[in-house]
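Asker: This is my_file-v4.pdb, which holds PDB, C-alpha atoms, pLDDT in the B column:
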```pdb
MODEL        1
ATOM      1  CA  MET A   1       0.000   0.000   0.000  1.00 95.00           C
ATOM      2  CA  LYS A   2       1.127   3.526  -0.765  1.00 97.00           C
ATOM      3  CA  ALA A   3      -0.103   6.497   1.257  1.00 98.00           C
ATOM      4  CA  ALA A   4       0.461  10.228   0.887  1.00 98.00           C
ATOM      5  CA  VAL A   5       0.707  12.593   3.837  1.00 98.00           C
ATOM      6  CA  ILE A   6       0.654  16.131   2.493  1.00 98.00           C
ATOM      7  CA  TYR A   7       0.337  19.164   4.735  1.00 98.00           C
ATOM      8  CA  ALA A   8       0.636  22.912   5.087  1.00 98.00           C
ATOM      9  CA  SER A   9       1.695  24.502   8.364  1.00 97.00           C
ATOM     10  CA  THR A  10       2.273  28.066   9.450  1.00 95.00           C
ATOM     11  CA  THR A  11       3.148  27.685  13.141  1.00 95.00           C
ATOM     12  CA  GLY A  12       4.346  24.066  13.212  1.00 97.00           C
ATOM     13  CA  ASN A  13       1.187  22.648  14.801  1.00 97.00           C
ATOM     14  CA  THR A  14      -0.149  20.938  11.684  1.00 98.00           C
ATOM     15  CA  GLU A  15       3.406  19.851  10.846  1.00 98.00           C
ATOM     16  CA  ALA A  16       3.619  18.075  14.220  1.00 98.00           C
ATOM     17  CA  MET A  17       0.351  16.309  13.414  1.00 98.00           C
ATOM     18  CA  ALA A  18       1.637  15.354   9.951  1.00 98.00           C
ATOM     19  CA  ASN A  19       4.851  13.949  11.407  1.00 98.00           C
ATOM     20  CA  ALA A  20       2.909  11.762  13.863  1.00 98.00           C
ATOM     21  CA  ILE A  21       0.534  10.629  11.111  1.00 98.00           C
ATOM     22  CA  SER A  22       3.421   9.800   8.781  1.00 98.00           C
ATOM     23  CA  GLU A  23       5.157   7.849  11.542  1.00 98.00           C
ATOM     24  CA  ALA A  24       2.023   5.756  12.130  1.00 98.00           C
ATOM     25  CA  VAL A  25       1.565   5.116   8.405  1.00 98.00           C
ATOM     26  CA  LYS A  26       5.193   3.965   8.094  1.00 98.00           C
ATOM     27  CA  ALA A  27       4.776   1.742  11.169  1.00 97.00           C
ATOM     28  CA  SER A  28       1.899  -0.011   9.386  1.00 96.00           C
ATOM     29  CA  GLY A  29       4.305  -1.045   6.633  1.00 96.00           C
ATOM     30  CA  ALA A  30       2.906   1.285   3.995  1.00 96.00           C
ATOM     31  CA  GLU A  31       5.127   3.227   1.641  1.00 97.00           C
ATOM     32  CA  VAL A  32       4.752   6.955   2.400  1.00 98.00           C
ATOM     33  CA  VAL A  33       4.881   9.995   0.159  1.00 98.00           C
ATOM     34  CA  PHE A  34       5.468  12.813   2.668  1.00 98.00           C
ATOM     35  CA  ALA A  35       5.656  16.464   1.618  1.00 98.00           C
ATOM     36  CA  THR A  36       4.462  19.987   2.187  1.00 98.00           C
ATOM     37  CA  ALA A  37       1.644  21.177  -0.049  1.00 98.00           C
ATOM     38  CA  ASP A  38       3.908  23.650  -1.834  1.00 98.00           C
ATOM     39  CA  SER A  39       6.417  20.941  -2.813  1.00 98.00           C
ATOM     40  CA  ALA A  40       4.247  17.847  -3.316  1.00 98.00           C
ATOM     41  CA  ASP A  41       4.114  16.072  -6.673  1.00 97.00           C
ATOM     42  CA  LYS A  42       0.415  15.966  -7.596  1.00 97.00           C
ATOM     43  CA  THR A  43       0.879  12.983  -9.919  1.00 96.00           C
ATOM     44  CA  ALA A  44       2.652  10.929  -7.235  1.00 96.00           C
ATOM     45  CA  VAL A  45      -0.014  11.802  -4.682  1.00 97.00           C
ATOM     46  CA  ALA A  46      -2.879  10.925  -7.032  1.00 94.00           C
ATOM     47  CA  ALA A  47      -1.260   7.500  -7.574  1.00 95.00           C
ATOM     48  CA  CYS A  48      -1.444   6.658  -3.854  1.00 97.00           C
ATOM     49  CA  ASP A  49      -4.009   4.276  -2.368  1.00 97.00           C
ATOM     50  CA  VAL A  50      -4.748   6.617   0.551  1.00 98.00           C
ATOM     51  CA  ILE A  51      -4.278  10.380   0.688  1.00 98.00           C
ATOM     52  CA  LEU A  52      -4.068  12.197   4.028  1.00 98.00           C
ATOM     53  CA  LEU A  53      -4.143  15.988   3.800  1.00 98.00           C
ATOM     54  CA  GLY A  54      -3.545  18.547   6.540  1.00 98.00           C
ATOM     55  CA  SER A  55      -4.046  22.279   6.810  1.00 98.00           C
ATOM     56  CA  PRO A  56      -4.365  24.801   9.594  1.00 97.00           C
ATOM     57  CA  ALA A  57      -7.439  27.009   9.746  1.00 96.00           C
ATOM     58  CA  MET A  58      -6.634  30.390   8.267  1.00 95.00           C
ATOM     59  CA  GLY A  59      -8.490  33.699   8.230  1.00 89.00           C
ATOM     60  CA  ASP A  60     -12.213  33.084   8.410  1.00 88.00           C
ATOM     61  CA  GLU A  61     -11.709  29.296   8.736  1.00 92.00           C
ATOM     62  CA  VAL A  62     -10.357  28.503   5.280  1.00 95.00           C
ATOM     63  CA  LEU A  63      -7.497  26.313   4.041  1.00 97.00           C
ATOM     64  CA  GLU A  64      -3.946  27.657   4.079  1.00 97.00           C
ATOM     65  CA  ASP A  65      -3.105  29.093   0.627  1.00 97.00           C
ATOM     66  CA  SER A  66      -0.586  26.448  -0.476  1.00 98.00           C
ATOM     67  CA  MET A  67      -2.967  23.639   0.559  1.00 98.00           C
ATOM     68  CA  GLU A  68      -5.852  25.326  -1.251  1.00 98.00           C
ATOM     69  CA  GLU A  69      -3.735  25.490  -4.395  1.00 98.00           C
ATOM     70  CA  PHE A  70      -2.538  21.887  -4.035  1.00 98.00           C
ATOM     71  CA  TYR A  71      -5.999  20.530  -3.227  1.00 98.00           C
ATOM     72  CA  SER A  72      -7.613  22.414  -6.110  1.00 97.00           C
ATOM     73  CA  GLY A  73      -5.016  20.820  -8.399  1.00 96.00           C
ATOM     74  CA  ILE A  74      -5.917  17.247  -7.376  1.00 97.00           C
ATOM     75  CA  GLU A  75      -9.603  17.612  -6.528  1.00 97.00           C
ATOM     76  CA  SER A  76     -10.803  16.359  -9.916  1.00 96.00           C
ATOM     77  CA  SER A  77      -8.771  13.142  -9.525  1.00 95.00           C
ATOM     78  CA  LEU A  78     -10.178  12.150  -6.120  1.00 97.00           C
ATOM     79  CA  SER A  79     -13.318  10.287  -7.205  1.00 97.00           C
ATOM     80  CA  GLY A  80     -13.203   6.855  -5.572  1.00 97.00           C
ATOM     81  CA  LYS A  81      -9.981   7.676  -3.683  1.00 96.00           C
ATOM     82  CA  LYS A  82      -9.693   7.123   0.050  1.00 97.00           C
ATOM     83  CA  VAL A  83      -8.901  10.539   1.572  1.00 98.00           C
ATOM     84  CA  GLY A  84      -8.574  11.804   5.143  1.00 98.00           C
ATOM     85  CA  ILE A  85      -8.122  15.378   6.346  1.00 98.00           C
ATOM     86  CA  PHE A  86      -6.615  16.864   9.476  1.00 98.00           C
ATOM     87  CA  GLY A  87      -5.492  20.183  10.860  1.00 97.00           C
ATOM     88  CA  SER A  88      -4.956  22.567  13.718  1.00 96.00           C
ATOM     89  CA  TYR A  89      -6.790  25.718  14.684  1.00 94.00           C
ATOM     90  CA  ASP A  90      -6.711  28.542  17.200  1.00 92.00           C
ATOM     91  CA  TRP A  91     -10.216  29.999  16.977  1.00 88.00           C
ATOM     92  CA  GLY A  92     -13.526  28.932  15.536  1.00 88.00           C
ATOM     93  CA  ASP A  93     -15.148  25.535  15.716  1.00 90.00           C
ATOM     94  CA  GLY A  94     -13.708  23.524  12.833  1.00 91.00           C
ATOM     95  CA  GLN A  95     -15.794  24.952  10.003  1.00 93.00           C
ATOM     96  CA  TRP A  96     -12.808  24.791   7.622  1.00 95.00           C
ATOM     97  CA  LEU A  97     -12.614  21.016   8.034  1.00 96.00           C
ATOM     98  CA  ARG A  98     -16.370  20.569   7.596  1.00 95.00           C
ATOM     99  CA  ASP A  99     -16.253  22.672   4.419  1.00 96.00           C
ATOM    100  CA  TRP A 100     -13.237  20.706   3.157  1.00 97.00           C
ATOM    101  CA  ASN A 101     -14.961  17.425   3.960  1.00 97.00           C
ATOM    102  CA  ASP A 102     -17.983  18.581   1.928  1.00 97.00           C
ATOM    103  CA  ARG A 103     -15.659  19.342  -0.998  1.00 97.00           C
ATOM    104  CA  LEU A 104     -14.179  15.840  -0.728  1.00 97.00           C
ATOM    105  CA  THR A 105     -17.632  14.292  -0.758  1.00 96.00           C
ATOM    106  CA  ASN A 106     -18.650  16.392  -3.763  1.00 97.00           C
ATOM    107  CA  ALA A 107     -15.465  15.287  -5.558  1.00 97.00           C
ATOM    108  CA  GLY A 108     -16.471  11.656  -5.017  1.00 98.00           C
ATOM    109  CA  ALA A 109     -13.724  10.846  -2.510  1.00 97.00           C
ATOM    110  CA  VAL A 110     -14.212   8.098   0.050  1.00 97.00           C
ATOM    111  CA  CYS A 111     -13.640   9.616   3.482  1.00 92.00           C
ATOM    112  CA  ALA A 112     -11.035   7.518   5.271  1.00 90.00           C
ATOM    113  CA  GLU A 113     -11.994   8.806   8.719  1.00 93.00           C
ATOM    114  CA  GLU A 114     -13.806  11.699  10.307  1.00 95.00           C
ATOM    115  CA  PRO A 115     -11.708  14.879  10.000  1.00 97.00           C
ATOM    116  CA  LEU A 116      -9.162  15.214  12.804  1.00 98.00           C
ATOM    117  CA  MET A 117      -8.576  18.592  14.408  1.00 96.00           C
ATOM    118  CA  VAL A 118      -6.319  19.722  17.219  1.00 97.00           C
ATOM    119  CA  HIS A 119      -6.576  23.011  19.069  1.00 95.00           C
ATOM    120  CA  LEU A 120      -3.240  24.878  19.001  1.00 95.00           C
ATOM    121  CA  THR A 121      -0.072  22.876  19.784  1.00 96.00           C
ATOM    122  CA  PRO A 122      -0.563  19.095  19.794  1.00 98.00           C
ATOM    123  CA  GLU A 123       0.123  17.664  23.252  1.00 98.00           C
ATOM    124  CA  ASP A 124       1.115  14.046  23.906  1.00 98.00           C
ATOM    125  CA  ALA A 125      -2.529  12.878  23.931  1.00 98.00           C
ATOM    126  CA  ASP A 126      -3.146  14.694  20.623  1.00 98.00           C
ATOM    127  CA  ILE A 127      -0.080  13.062  19.034  1.00 98.00           C
ATOM    128  CA  ALA A 128      -1.362   9.668  20.181  1.00 98.00           C
ATOM    129  CA  GLN A 129      -4.762  10.508  18.659  1.00 98.00           C
ATOM    130  CA  CYS A 130      -3.041  11.469  15.365  1.00 98.00           C
ATOM    131  CA  LYS A 131      -1.324   8.089  15.260  1.00 98.00           C
ATOM    132  CA  GLU A 132      -4.551   6.209  16.020  1.00 98.00           C
ATOM    133  CA  TRP A 133      -6.413   8.234  13.381  1.00 98.00           C
ATOM    134  CA  ALA A 134      -3.737   7.457  10.773  1.00 98.00           C
ATOM    135  CA  ALA A 135      -3.699   3.740  11.588  1.00 97.00           C
ATOM    136  CA  SER A 136      -7.459   3.600  11.175  1.00 96.00           C
ATOM    137  CA  ALA A 137      -7.480   5.783   8.027  1.00 96.00           C
ATOM    138  CA  ILE A 138      -5.156   3.481   6.091  1.00 94.00           C
ATOM    139  CA  LYS A 139      -7.047   0.260   6.825  1.00 91.00           C
TER     140      LYS A 139
ENDMDL
END
```
Give the structure from the file, written as structure tokens.
Answerer:
Amino acid sequence: MKAAVIYASTTGNTEAMANAISEAVKASGAEVVFATADSADKTAVAACDVILLGSPAMGDEVLEDSMEEFYSGIESSLSGKKVGIFGSYDWGDGQWLRDWNDRLTNAGAVCAEEPLMVHLTPEDADIAQCKEWAASAIK
């Protein structure tokens, strides 16, 4: 199995989540494509069996710019693909992940898991939750 973990991070919080998620995916024995949204190869990601995408909430609860650009570039190729989303936030209630999840559904993606969100800096319990989420998402 091949899984992609692609993320955007502005403060390091979503990056910490992505690192934990990538670690759990590797521990499962899957091959991992791991990159930031601004450097990820869209073709390589689209070829993966599972795609896990992360973005912090920005502005009025929207995706970070580089993730918006990356996601928009692969959205049309997600029909039937298993995709999971995650991210961190400081304010709000997770609307950016609900909106993103709706976009995934409209694109025909198969949601791997419920969206995973962490408030501010991931603590030990949050990192453990990221790993559990990843292990479940790639099954």
Asker: Compare A:Lys42, A:Asn101, A:Ala3, A:Ser79 by their minimum atom-to-atom distance to Ala137 in chain A, counting all atoms listed in the file, and give me the closest one.
Answerer: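 Among A:Lys42, A:Asn101, A:Ala3, A:Ser79, it is A:Ala3 that comes nearest to Ala137 in chain A.
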Asker: Which is closer to Ala135 in chain A than all the others in A:Leu97, A:Leu53, A:Met58, A:Ala27, using only C-alpha atoms?
Answerer: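 Smallest separation from Ala135 in chain A among the options: A:Ala27.
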Asker: For the provided coordinates, the residues matched by the PyMOL selection byres ((chain A and resi 86-89) around 8) should be stated as a PyMOL selection string.
Answerer: chain A and resi 13-14+17+52-58+84-85+90-92+94+97+115-121
Asker: Output C-alpha atoms for every residue in that selection, as a compact mmCIF listing (two decimals), in the coordinates of the input.
Answerer:
```txt
# COMPACT_ATOMS: atom_id res chain seq x y z
CA ASN A 13 1.19 22.65 14.80
CA THR A 14 -0.15 20.94 11.68
CA MET A 17 0.35 16.31 13.41
CA LEU A 52 -4.07 12.20 4.03
CA LEU A 53 -4.14 15.99 3.80
CA GLY A 54 -3.54 18.55 6.54
CA SER A 55 -4.05 22.28 6.81
CA PRO A 56 -4.36 24.80 9.59
CA ALA A 57 -7.44 27.01 9.75
CA MET A 58 -6.63 30.39 8.27
CA GLY A 84 -8.57 11.80 5.14
CA ILE A 85 -8.12 15.38 6.35
CA ASP A 90 -6.71 28.54 17.20
CA TRP A 91 -10.22 30.00 16.98
CA GLY A 92 -13.53 28.93 15.54
CA GLY A 94 -13.71 23.52 12.83
CA LEU A 97 -12.61 21.02 8.03
CA PRO A 115 -11.71 14.88 10.00
CA LEU A 116 -9.16 15.21 12.80
CA MET A 117 -8.58 18.59 14.41
CA VAL A 118 -6.32 19.72 17.22
CA HIS A 119 -6.58 23.01 19.07
CA LEU A 120 -3.24 24.88 19.00
CA THR A 121 -0.07 22.88 19.78
```
Asker: Step by step, work through what the PyMOL selection byres ((chain A and resi 74) around 12) selects in the shown file, and finish by giving those residues as number ranges by chain.
Answerer: A: 6, 37, 40-47, 51, 53, 67-73, 75-79, 81, 83, 103-104, 107, 109
Asker: Taking into account only C-alpha atoms, which residue in the set A:Lys2, A:Val62, A:Ala112, A:Pro122 is nearest to Glu15 in chain A?
Answerer: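 Counting only C-alpha atoms, the residue closest to Glu15 in chain A is A:Pro122.
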Asker: Using all atoms of range 69-86 of chain A that appear in the file, construct an axis-aligned enclosing box with 3 Å of padding on every side and provide its centre coordinates and edge lengths in Å, rounded to one decimal, as JSON.
Answerer:
```
{"center_x": -7.9, "center_y": 16.2, "center_z": -0.2, "size_x": 16.8, "size_y": 24.6, "size_z": 25.4}
```
Asker: Given all atoms listed in the file as the basis, pick out the residue of A:Ser66, A:Ser39, A:Lys26, A:Asp49 nearest to Ser9 in chain A.
Answerer: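 That would be A:Ser66, the residue with the smallest distance to Ser9 in chain A.
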Asker: Using all atoms listed in the file, which of the listed residues (A:Ile21, A:Asn106, A:Ile127, A:Gln95) sits closest to Gly59 in chain A?
Answerer: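 Answer, going by the shortest atom-to-atom distance: A:Gln95.
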Asker: With distances taken over only C-alpha atoms, which residue among A:Glu31, A:Glu64, A:Asp93, A:Ala24 lies nearest Thr11 in chain A?
Answerer: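 Closest to Thr11 in chain A of all the choices is A:Glu64.
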Asker: Quote the spacing between CA of Ala20 in chain A and CA of Ala4 in chain A in Å to one decimal place.
Answerer: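 Computing the Euclidean distance for CA of Ala20 in chain A and CA of Ala4 in chain A yields 13.3 Å.
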Asker: Which value, in Å to one decimal, gives the distance between CA of Ala35 in chain A and CA of Ala128 in chain A?
Answerer: 21.0 Å
Asker: CA of Asp102 in chain A to CA of Asp124 in chain A: how many Å, to one decimal?
Answerer: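 A separation of 29.5 Å between them.
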Asker: Extract, using only C-alpha atoms, all DNA, RNA and protein residues at most 10 Å from Ser28 in chain A, discarding same-chain residues fewer than 3 positions from it, and format them as a PyMOL selection string.
Answerer: chain A and resi 1+22-25+31+134-135+138-139
Asker: As a CSV table (one decimal), in the frame of the given file, could you write out range 36-51 of chain A once it has been completed with N, CA, C and O atoms?
Answerer:
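Writing the result to rebuild-v1.csv gives the following:
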```csv
chain,number,residue,atom,x,y,z
A,36,THR,N,5.3,18.8,2.0
A,36,THR,CA,4.5,20.0,2.2
A,36,THR,C,3.6,20.2,0.9
A,36,THR,O,4.0,19.8,-0.2
A,37,ALA,N,2.5,20.9,1.1
A,37,ALA,CA,1.6,21.2,0.0
A,37,ALA,C,2.3,22.0,-1.2
A,37,ALA,O,2.1,21.7,-2.3
A,38,ASP,N,3.3,22.8,-0.8
A,38,ASP,CA,3.9,23.6,-1.8
A,38,ASP,C,5.0,22.9,-2.6
A,38,ASP,O,5.5,23.4,-3.6
A,39,SER,N,5.4,21.7,-2.1
A,39,SER,CA,6.4,20.9,-2.8
A,39,SER,C,6.0,19.6,-3.3
A,39,SER,O,6.7,18.8,-3.9
A,40,ALA,N,4.7,19.2,-3.0
A,40,ALA,CA,4.2,17.8,-3.3
A,40,ALA,C,4.0,17.7,-4.8
A,40,ALA,O,3.6,18.6,-5.5
A,41,ASP,N,4.3,16.5,-5.3
A,41,ASP,CA,4.1,16.1,-6.7
A,41,ASP,C,2.7,15.6,-6.8
A,41,ASP,O,2.3,14.5,-6.3
A,42,LYS,N,1.8,16.3,-7.5
A,42,LYS,CA,0.4,16.0,-7.6
A,42,LYS,C,0.2,14.6,-8.2
A,42,LYS,O,-0.7,13.8,-7.8
A,43,THR,N,1.0,14.3,-9.2
A,43,THR,CA,0.9,13.0,-9.9
A,43,THR,C,1.2,11.8,-9.0
A,43,THR,O,0.5,10.8,-8.9
A,44,ALA,N,2.3,12.0,-8.2
A,44,ALA,CA,2.7,10.9,-7.2
A,44,ALA,C,1.6,10.8,-6.2
A,44,ALA,O,1.3,9.6,-5.8
A,45,VAL,N,1.0,11.9,-5.7
A,45,VAL,CA,0.0,11.8,-4.7
A,45,VAL,C,-1.3,11.1,-5.2
A,45,VAL,O,-1.9,10.2,-4.6
A,46,ALA,N,-1.7,11.5,-6.4
A,46,ALA,CA,-2.9,10.9,-7.0
A,46,ALA,C,-2.7,9.4,-7.3
A,46,ALA,O,-3.7,8.7,-7.3
A,47,ALA,N,-1.5,8.9,-7.4
A,47,ALA,CA,-1.3,7.5,-7.6
A,47,ALA,C,-1.3,6.7,-6.3
A,47,ALA,O,-1.3,5.5,-6.3
A,48,CYS,N,-1.4,7.4,-5.1
A,48,CYS,CA,-1.4,6.7,-3.9
A,48,CYS,C,-2.8,6.0,-3.6
A,48,CYS,O,-3.8,6.5,-4.1
A,49,ASP,N,-2.8,5.0,-2.8
A,49,ASP,CA,-4.0,4.3,-2.4
A,49,ASP,C,-4.8,5.1,-1.4
A,49,ASP,O,-6.0,5.0,-1.4
A,50,VAL,N,-4.1,5.8,-0.5
A,50,VAL,CA,-4.7,6.6,0.6
A,50,VAL,C,-4.0,8.0,0.5
A,50,VAL,O,-2.8,8.0,0.4
A,51,ILE,N,-4.8,9.0,0.7
A,51,ILE,CA,-4.3,10.4,0.7
A,51,ILE,C,-4.7,11.1,2.0
A,51,ILE,O,-5.9,11.2,2.2
```
